[in-house]
$ cat data08.cif   # mmCIF, C-alpha atoms
data_data
#
loop_
_atom_site.label_atom_id
_atom_site.label_comp_id
_atom_site.auth_asym_id
_atom_site.auth_seq_id
_atom_site.Cartn_x
_atom_site.Cartn_y
_atom_site.Cartn_z
CA MET A 196 -14.33 -8.44 9.51
CA ALA A 197 -13.25 -8.79 5.90
CA GLU A 198 -12.69 -5.07 5.52
CA LEU A 199 -10.22 -5.25 8.36
CA THR A 200 -7.34 -6.18 6.09
CA PRO A 201 -7.33 -4.42 2.78
CA ARG A 202 -3.61 -3.69 3.01
CA THR A 203 -2.30 -6.63 4.99
CA GLY A 204 -1.88 -10.34 4.55
CA ARG A 205 -4.06 -12.78 6.39
CA LEU A 206 -3.27 -16.16 7.90
CA VAL A 207 -6.40 -18.30 7.63
CA LEU A 208 -6.72 -21.25 10.01
CA ASP A 209 -8.79 -24.32 9.26
CA SER A 210 -9.68 -26.87 11.91
CA GLY A 211 -6.42 -28.77 11.32
CA GLY A 212 -4.46 -25.56 11.84
CA ILE A 213 -6.30 -24.82 15.07
CA SER A 214 -5.74 -28.38 16.33
CA ALA A 215 -2.05 -28.30 15.43
CA ILE A 216 -1.46 -25.06 17.34
CA ALA A 217 -3.39 -26.40 20.34
CA ALA A 218 -1.36 -29.62 20.26
CA GLY A 219 1.91 -27.70 20.29
CA ASN A 220 2.97 -28.65 16.73
CA GLY A 221 6.33 -26.97 16.06
CA ILE A 222 5.59 -25.83 12.49
CA ALA A 223 2.19 -24.46 13.51
CA ARG A 224 3.65 -22.56 16.48
CA ALA A 225 6.57 -21.21 14.44
CA ALA A 226 4.22 -20.04 11.66
CA LEU A 227 1.89 -18.38 14.14
CA GLU A 228 4.83 -16.61 15.74
CA ARG A 229 6.22 -15.47 12.38
CA ALA A 230 2.78 -14.25 11.31
CA ARG A 231 2.47 -12.20 14.49
CA ARG A 232 5.99 -10.83 14.16
CA GLU A 233 5.43 -9.78 10.54
CA GLY A 234 2.02 -8.22 11.12
CA TRP A 235 -0.23 -10.79 9.44
CA LEU A 236 -3.76 -10.86 10.71
CA VAL A 237 -4.94 -14.28 11.85
CA VAL A 238 -8.54 -15.17 10.97
CA ILE A 239 -10.89 -18.14 11.24
CA PRO A 240 -13.83 -18.50 8.84
CA ALA A 241 -16.86 -19.08 11.10
CA PRO A 242 -17.89 -22.37 9.39
CA VAL A 243 -14.59 -23.88 10.60
CA LEU A 244 -16.16 -23.88 14.05
CA THR A 245 -18.50 -26.66 12.91
CA GLU A 246 -15.44 -28.91 12.83
CA VAL A 247 -14.05 -27.67 16.12
CA HIS A 248 -17.01 -27.17 18.40
CA THR A 249 -18.48 -30.36 19.84
CA GLY A 250 -20.55 -28.91 22.66
CA ARG A 251 -18.59 -31.09 25.06
CA ARG A 252 -15.79 -30.01 27.32
CA ASP A 253 -13.19 -31.85 25.28
CA HIS A 254 -12.69 -28.92 22.94
CA ALA A 255 -11.45 -26.52 25.61
CA HIS A 256 -7.88 -26.70 24.29
CA LEU A 257 -9.15 -25.69 20.83
CA ASP A 258 -11.27 -22.90 22.29
CA ARG A 259 -8.11 -21.44 23.76
CA VAL A 260 -6.75 -20.94 20.23
CA VAL A 261 -10.07 -19.71 18.83
CA ASN A 262 -10.41 -17.20 21.67
CA ALA A 263 -6.85 -15.93 21.23
CA VAL A 264 -7.47 -15.34 17.52
CA ASP A 265 -10.97 -13.91 18.08
CA MET A 266 -11.38 -12.81 14.47
CA LEU A 267 -14.11 -14.87 12.92
CA ILE A 268 -15.16 -14.19 9.35
CA GLU A 269 -18.84 -14.63 8.68
CA THR A 270 -19.61 -16.15 5.29
CA THR A 271 -21.44 -13.82 2.94
CA PRO A 272 -23.69 -15.18 0.16
CA ASP A 273 -21.14 -14.11 -2.47
CA ARG A 274 -18.35 -15.94 -0.69
CA ALA A 275 -20.51 -19.05 -0.30
CA LYS A 276 -21.21 -19.01 -4.04
CA ARG A 277 -17.51 -18.63 -4.79
CA ALA A 278 -16.79 -21.62 -2.51
CA GLY A 279 -19.39 -23.60 -4.43
CA GLU A 280 -17.69 -22.78 -7.74
CA LEU A 281 -14.28 -23.81 -6.40
CA ARG A 282 -15.71 -27.01 -4.97
CA SER A 283 -17.26 -27.89 -8.27
CA LYS A 284 -14.18 -26.99 -10.33
CA SER A 285 -11.66 -28.74 -8.06
CA GLY A 286 -13.66 -31.85 -7.24
CA VAL A 287 -12.88 -31.33 -3.53
CA LEU A 288 -16.12 -32.20 -1.77
CA ASP A 289 -15.47 -30.67 1.65
CA VAL A 290 -17.64 -27.56 2.02
CA VAL A 291 -15.65 -26.03 4.86
CA ASP A 292 -12.35 -26.40 2.98
CA ALA A 293 -13.93 -24.62 0.00
CA ILE A 294 -15.10 -21.76 2.23
CA VAL A 295 -11.63 -21.50 3.80
CA VAL A 296 -10.06 -21.05 0.37
CA ALA A 297 -12.80 -18.68 -0.83
CA GLU A 298 -11.99 -16.46 2.17
CA ALA A 299 -8.23 -16.75 1.61
CA ILE A 300 -8.41 -15.67 -2.05
CA ALA A 301 -10.77 -12.81 -1.27
CA TRP A 302 -8.07 -10.67 0.36
CA PRO A 303 -4.64 -11.65 -0.96
CA PRO A 304 -1.92 -12.18 0.00
CA ALA A 305 -2.96 -15.01 2.26
CA LEU A 306 -1.67 -18.14 3.95
CA VAL A 307 -3.76 -21.17 4.87
CA MET A 308 -2.63 -23.31 7.79
CA THR A 309 -4.13 -26.76 7.30
CA SER A 310 -3.71 -30.48 7.90
CA GLU A 311 -5.33 -31.15 4.50
CA PRO A 312 -2.78 -29.53 2.17
CA ALA A 313 -3.68 -31.55 -0.94
CA ASP A 314 -7.34 -30.52 -0.87
CA ILE A 315 -6.55 -26.91 -0.02
CA ARG A 316 -3.96 -26.71 -2.83
CA ALA A 317 -6.45 -28.19 -5.30
CA LEU A 318 -8.97 -25.50 -4.34
CA ILE A 319 -6.35 -22.74 -4.65
CA GLU A 320 -5.38 -24.06 -8.08
CA ALA A 321 -9.06 -24.06 -9.10
CA ALA A 322 -9.14 -20.39 -8.12
CA GLU A 323 -5.94 -19.75 -10.12
CA ALA A 324 -4.53 -18.05 -7.03
CA THR A 325 -1.35 -20.05 -6.45
CA GLY A 326 0.83 -16.93 -6.50
CA ASP A 327 -1.22 -15.06 -3.92
CA VAL A 328 -2.15 -17.82 -1.49
CA LYS A 329 0.29 -20.29 0.05
CA VAL A 330 -0.32 -23.37 2.16
CA ILE A 331 1.32 -24.12 5.48
CA ALA A 332 0.96 -27.86 5.99
CA VAL A 333 0.85 -28.97 9.63
CA MET B 155 -21.54 -6.16 18.72
CA SER B 156 -22.53 -3.20 20.86
CA THR B 157 -20.60 0.05 20.79
CA THR B 158 -19.61 2.49 23.50
CA LYS B 159 -18.60 6.13 23.47
CA VAL B 160 -15.26 6.95 25.08
CA SER B 161 -13.38 10.12 25.83
CA THR B 162 -9.65 9.66 25.44
CA THR B 163 -6.47 11.57 24.66
CA LEU B 164 -4.61 10.77 21.45
CA THR B 165 -1.50 12.07 19.72
CA GLU B 166 -2.61 14.98 17.53
CA GLU B 167 -0.34 14.16 14.56
CA LEU B 168 -1.64 10.59 14.48
CA VAL B 169 -5.25 11.74 14.59
CA VAL B 170 -4.64 14.18 11.73
CA GLU B 171 -2.92 11.52 9.63
CA ALA B 172 -5.67 8.97 10.30
CA LYS B 173 -8.46 11.43 9.47
CA THR B 174 -6.66 12.44 6.28
CA ARG B 175 -6.64 8.80 5.30
CA VAL B 176 -10.16 7.73 6.23
CA GLY B 177 -12.07 10.97 6.76
CA GLU B 178 -13.92 12.26 9.82
CA ARG B 179 -16.71 9.72 9.55
CA GLY B 180 -14.37 6.75 9.11
CA PHE B 181 -12.22 7.64 12.10
CA SER B 182 -14.06 5.62 14.78
CA ARG B 183 -14.06 2.53 12.59
CA TYR B 184 -10.36 2.98 11.85
CA LEU B 185 -9.57 3.29 15.55
CA ASP B 186 -11.72 0.26 16.32
CA LEU B 187 -9.85 -1.84 13.77
CA ALA B 188 -6.48 -0.71 15.09
CA LEU B 189 -7.58 -1.75 18.58
CA ALA B 190 -8.80 -5.14 17.32
CA ARG B 191 -5.47 -5.71 15.61
CA GLN B 192 -3.42 -4.76 18.67
CA LEU B 193 -5.57 -6.91 20.96
CA GLN B 194 -5.08 -9.92 18.70
CA PHE B 195 -1.33 -9.28 18.69
CA ASP B 196 -1.31 -9.27 22.50
CA ARG B 197 -3.59 -12.31 22.87
CA LEU B 198 -1.48 -14.36 20.45
CA GLY B 199 1.61 -13.35 22.42
CA ASP B 200 -0.07 -14.68 25.57
CA LEU B 201 -0.93 -17.90 23.73
CA GLU B 202 2.66 -18.33 22.54
CA ARG B 203 3.91 -18.03 26.11
CA GLU B 204 1.30 -20.51 27.36
CA LEU B 205 2.26 -23.01 24.66
CA GLU B 206 5.93 -22.58 25.51
CA ARG B 207 5.23 -23.35 29.18
CA GLU B 208 3.22 -26.40 28.16
CA PHE B 209 5.30 -27.84 25.31
CA GLY B 210 8.69 -26.17 25.68
CA PRO B 211 10.39 -23.87 23.18
CA ILE B 212 9.61 -24.15 19.46
CA PRO B 213 12.13 -26.66 18.02
CA SER B 214 14.85 -24.85 16.08
CA THR B 215 14.29 -27.10 13.03
CA ALA B 216 10.61 -26.06 12.86
CA ARG B 217 11.50 -22.41 13.31
CA ARG B 218 14.15 -22.59 10.57
CA GLN B 219 11.77 -24.41 8.22
CA VAL B 220 9.09 -21.76 8.68
CA ASP B 221 11.50 -18.83 8.43
CA GLU B 222 12.82 -20.21 5.14
CA MET B 223 9.33 -20.47 3.63
CA GLU B 224 8.59 -17.92 0.95
CA TRP B 225 5.39 -16.19 1.98
CA PRO B 226 3.36 -14.23 -0.60
CA SER B 227 3.49 -10.45 -0.54
#

$ encode --input "data08.cif" --output "structure tokens"
Amino acid sequence: MAELTPRTGRLVLDSGGISAIAAGNGIARAALERARREGWLVVIPAPVLTEVHTGRRDHAHLDRVVNAVDMLIETTPDRAKRAGELRSKSGVLDVVDAIVVAEAIAWPPALVMTSEPADIRALIEAAEATGDVKVIAV
Amino acid sequence: MSTTKVSTTLTEELVVEAKTRVGERGFSRYLDLALARQLQFDRLGDLERELEREFGPIPSTARRQVDEMEWPS
């Protein structure tokens, strides 16, 4: 779906962002509402689902958010390599966080809604994309 | 994802403008993307209403904080 947004900003959700929306977090809800109002496209990199999907019924409240977004980005080999570079350069070990940022910087401007702002910011700094990609900490 | 052929009526000026932008061959894809975008807009609106029923209105402090954030453009 990457080609969906060549002219528009994207709001990328990581698992913390999805959880915060599902839990009714005020900042997360307000950001989602502003994004919708201003025409940002909301996307979830598919690997984020590894942190969300347990196979048990206890993730139904998270599924509600994932299903409402329903724009999953599949990771291409190029994007995976870029994530690897950012991971190596930043020292952030989390693979999914690196993929989230690799997707965010691929189509700027972008926002990342996350509960791990320090790691996400470190990855964005490694990509030298601090002007194009902002973090919404929830 | 599978595809389906539909017959529908569209506003002529919009069709002309879209085809000028993306060409005859890119038109279906363009329409598909517009539909995906609109459907997400509607689904997220539904979600916002559900969350409001469940958790109450978005606190004004959170709304103000988010509205004051400088988002990239």

$ closest_atom_pairs --input "data08.cif" --of "chain B" --to "chain A" --cutoff "6 Å" --atoms "all atoms listed in the file" --output "Markdown table"
| residue | atom | partner | partner_atom | distance |
| --- | --- | --- | --- | --- |
| B:Arg197 | CA | A:Ala263 | CA | 5.1 |
| B:Leu198 | CA | A:Ala263 | CA | 5.6 |
| B:Ile212 | CA | A:Gly221 | CA | 5.5 |
| B:Ala216 | CA | A:Ile222 | CA | 5.0 |
| B:Arg217 | CA | A:Ala225 | CA | 5.2 |
| B:Val220 | CA | A:Ala226 | CA | 6.0 |
| B:Pro226 | CA | A:Pro304 | CA | 5.7 |
| B:Ser227 | CA | A:Pro304 | CA | 5.7 |

$ atom_distance --input "data08.cif" --atom1 "atom CA of Ser283 of chain A" --atom2 "atom CA of Leu318 of chain A"
9.5 Å

$ resolve_selection --input "data08.cif" --expression "the PyMOL selection byres ((chain A and resi 281) around 8)" --output "ChimeraX atom specification"
/A:277-280,282-285,293,297,318,321-322

$ atom_distance --input "data08.cif" --atom1 "atom CA of Ala215 of chain A" --atom2 "atom CA of Val333 of chain A"
6.5 Å

$ residues_around --input "data08.cif" --residues "Thr162 of chain B" --least-positions-apart "4" --cutoff "12 Å" --atoms "all atoms listed in the file" --output "list in words"
Glu166, Val169 and Leu185 of chain B

$ write_last_selection --input "data08.cif" --atoms "C-alpha atoms" --output "short mmCIF file (atom, residue, chain, number, x, y, z; two decimals), in the frame of the given file"
data_model
loop_
_atom_site.label_atom_id
_atom_site.label_comp_id
_atom_site.auth_asym_id
_atom_site.auth_seq_id
_atom_site.Cartn_x
_atom_site.Cartn_y
_atom_site.Cartn_z
CA GLU B 166 -2.61 14.98 17.53
CA VAL B 169 -5.25 11.74 14.59
CA LEU B 185 -9.57 3.29 15.55
#

$ resolve_selection --input "data08.cif" --expression "the PyMOL selection byres ((chain A and resi 241-244) around 6)" --output "PyMOL selection string"
chain A and resi 209-210+240+245-248+267-269

$ axis_aligned_box --input "data08.cif" --around "segment 157-171 of chain B" --padding-each-side "4 Å" --output "JSON"
{"center_x": -10.5, "center_y": 7.5, "center_z": 17.7, "size_x": 28.3, "size_y": 22.9, "size_z": 24.2}

$ atom_distance --input "data08.cif" --atom1 "atom CA of Ala301 of chain A" --atom2 "atom CA of Leu187 of chain B"
18.6 Å

$ closest_residue --input "data08.cif" --among "A:Ile239, A:Gly250, A:Thr270, A:His256" --to "Arg205 of chain A" --atoms "only C-alpha atoms"
A:Ile239

$ residues_near_point --input "data08.cif" --point "(-6.4, -30.1, 1.9)" --cutoff "10 Å" --atoms "all atoms listed in the file" --output "list in words"
Asp209, Gly211, Val287, Asp289, Asp292, Ala293, Val296, Val307, Met308, Thr309, Ser310, Glu311, Pro312, Ala313, Asp314, Ile315, Arg316, Ala317, Leu318, Ile319, Val330 and Ala332 of chain A

$ build_atoms --input "data08.cif" --residues "segment 186-220 of chain B" --atoms "N, CA and C atoms" --output "mmCIF file, keeping the file's coordinate frame"
data_model
loop_
_atom_site.group_PDB
_atom_site.id
_atom_site.type_symbol
_atom_site.label_atom_id
_atom_site.label_comp_id
_atom_site.auth_asym_id
_atom_site.auth_seq_id
_atom_site.Cartn_x
_atom_site.Cartn_y
_atom_site.Cartn_z
ATOM 1 N N ASP B 186 -11.193 1.547 15.860
ATOM 2 C CA ASP B 186 -11.720 0.260 16.320
ATOM 3 C C ASP B 186 -10.902 -0.895 15.729
ATOM 4 N N LEU B 187 -10.611 -0.789 14.440
ATOM 5 C CA LEU B 187 -9.850 -1.840 13.770
ATOM 6 C C LEU B 187 -8.418 -1.911 14.296
ATOM 7 N N ALA B 188 -7.842 -0.742 14.553
ATOM 8 C CA ALA B 188 -6.480 -0.710 15.090
ATOM 9 C C ALA B 188 -6.441 -1.391 16.468
ATOM 10 N N LEU B 189 -7.491 -1.154 17.251
ATOM 11 C CA LEU B 189 -7.580 -1.750 18.580
ATOM 12 C C LEU B 189 -7.740 -3.273 18.469
ATOM 13 N N ALA B 190 -8.587 -3.703 17.527
ATOM 14 C CA ALA B 190 -8.800 -5.140 17.320
ATOM 15 C C ALA B 190 -7.487 -5.821 16.939
ATOM 16 N N ARG B 191 -6.754 -5.168 16.075
ATOM 17 C CA ARG B 191 -5.470 -5.710 15.610
ATOM 18 C C ARG B 191 -4.465 -5.812 16.763
ATOM 19 N N GLN B 192 -4.372 -4.763 17.543
ATOM 20 C CA GLN B 192 -3.420 -4.760 18.670
ATOM 21 C C GLN B 192 -3.810 -5.798 19.717
ATOM 22 N N LEU B 193 -5.119 -5.917 19.971
ATOM 23 C CA LEU B 193 -5.570 -6.910 20.960
ATOM 24 C C LEU B 193 -5.257 -8.326 20.486
ATOM 25 N N GLN B 194 -5.431 -8.579 19.186
ATOM 26 C CA GLN B 194 -5.080 -9.920 18.700
ATOM 27 C C GLN B 194 -3.577 -10.165 18.867
ATOM 28 N N PHE B 195 -2.790 -9.171 18.542
ATOM 29 C CA PHE B 195 -1.330 -9.280 18.690
ATOM 30 C C PHE B 195 -0.973 -9.659 20.134
ATOM 31 N N ASP B 196 -1.602 -9.005 21.092
ATOM 32 C CA ASP B 196 -1.310 -9.270 22.500
ATOM 33 C C ASP B 196 -1.820 -10.642 22.942
ATOM 34 N N ARG B 197 -3.027 -10.994 22.490
ATOM 35 C CA ARG B 197 -3.590 -12.310 22.870
ATOM 36 C C ARG B 197 -2.754 -13.443 22.301
ATOM 37 N N LEU B 198 -2.302 -13.291 21.048
ATOM 38 C CA LEU B 198 -1.480 -14.360 20.450
ATOM 39 C C LEU B 198 -0.129 -14.453 21.152
ATOM 40 N N GLY B 199 0.376 -13.328 21.624
ATOM 41 C CA GLY B 199 1.610 -13.350 22.420
ATOM 42 C C GLY B 199 1.407 -14.129 23.710
ATOM 43 N N ASP B 200 0.261 -13.918 24.344
ATOM 44 C CA ASP B 200 -0.070 -14.680 25.570
ATOM 45 C C ASP B 200 -0.140 -16.166 25.254
ATOM 46 N N LEU B 201 -0.787 -16.490 24.119
ATOM 47 C CA LEU B 201 -0.930 -17.900 23.730
ATOM 48 C C LEU B 201 0.440 -18.528 23.485
ATOM 49 N N GLU B 202 1.313 -17.795 22.796
ATOM 50 C CA GLU B 202 2.660 -18.330 22.540
ATOM 51 C C GLU B 202 3.383 -18.648 23.845
ATOM 52 N N ARG B 203 3.242 -17.782 24.824
ATOM 53 C CA ARG B 203 3.910 -18.030 26.110
ATOM 54 C C ARG B 203 3.290 -19.230 26.822
ATOM 55 N N GLU B 204 1.968 -19.340 26.757
ATOM 56 C CA GLU B 204 1.300 -20.510 27.360
ATOM 57 C C GLU B 204 1.769 -21.809 26.713
ATOM 58 N N LEU B 205 1.845 -21.804 25.381
ATOM 59 C CA LEU B 205 2.260 -23.010 24.660
ATOM 60 C C LEU B 205 3.708 -23.353 24.989
ATOM 61 N N GLU B 206 4.522 -22.328 25.171
ATOM 62 C CA GLU B 206 5.930 -22.580 25.510
ATOM 63 C C GLU B 206 6.053 -23.215 26.897
ATOM 64 N N ARG B 207 5.221 -22.748 27.827
ATOM 65 C CA ARG B 207 5.230 -23.350 29.180
ATOM 66 C C ARG B 207 4.794 -24.812 29.110
ATOM 67 N N GLU B 208 3.809 -25.075 28.248
ATOM 68 C CA GLU B 208 3.220 -26.400 28.160
ATOM 69 C C GLU B 208 4.090 -27.386 27.370
ATOM 70 N N PHE B 209 4.615 -26.923 26.241
ATOM 71 C CA PHE B 209 5.300 -27.840 25.310
ATOM 72 C C PHE B 209 6.793 -27.562 25.186
ATOM 73 N N GLY B 210 7.289 -26.529 25.837
ATOM 74 C CA GLY B 210 8.690 -26.170 25.680
ATOM 75 C C GLY B 210 8.877 -25.236 24.499
ATOM 76 N N PRO B 211 10.129 -24.803 24.281
ATOM 77 C CA PRO B 211 10.390 -23.870 23.180
ATOM 78 C C PRO B 211 10.086 -24.495 21.820
ATOM 79 N N ILE B 212 9.821 -23.663 20.824
ATOM 80 C CA ILE B 212 9.610 -24.150 19.460
ATOM 81 C C ILE B 212 10.923 -24.785 18.982
ATOM 82 N N PRO B 213 10.883 -26.019 18.491
ATOM 83 C CA PRO B 213 12.130 -26.660 18.020
ATOM 84 C C PRO B 213 12.799 -25.811 16.939
ATOM 85 N N SER B 214 14.136 -25.720 17.016
ATOM 86 C CA SER B 214 14.850 -24.850 16.080
ATOM 87 C C SER B 214 14.667 -25.304 14.628
ATOM 88 N N THR B 215 14.495 -26.615 14.410
ATOM 89 C CA THR B 215 14.290 -27.100 13.030
ATOM 90 C C THR B 215 12.973 -26.562 12.469
ATOM 91 N N ALA B 216 11.923 -26.568 13.300
ATOM 92 C CA ALA B 216 10.610 -26.060 12.860
ATOM 93 C C ALA B 216 10.711 -24.570 12.585
ATOM 94 N N ARG B 217 11.379 -23.866 13.471
ATOM 95 C CA ARG B 217 11.500 -22.410 13.310
ATOM 96 C C ARG B 217 12.255 -22.080 12.011
ATOM 97 N N ARG B 218 13.344 -22.836 11.773
ATOM 98 C CA ARG B 218 14.150 -22.590 10.570
ATOM 99 C C ARG B 218 13.323 -22.886 9.305
ATOM 100 N N GLN B 219 12.595 -24.008 9.373
ATOM 101 C CA GLN B 219 11.770 -24.410 8.220
ATOM 102 C C GLN B 219 10.742 -23.323 7.876
ATOM 103 N N VAL B 220 10.114 -22.790 8.902
ATOM 104 C CA VAL B 220 9.090 -21.760 8.680
ATOM 105 C C VAL B 220 9.733 -20.446 8.211
#
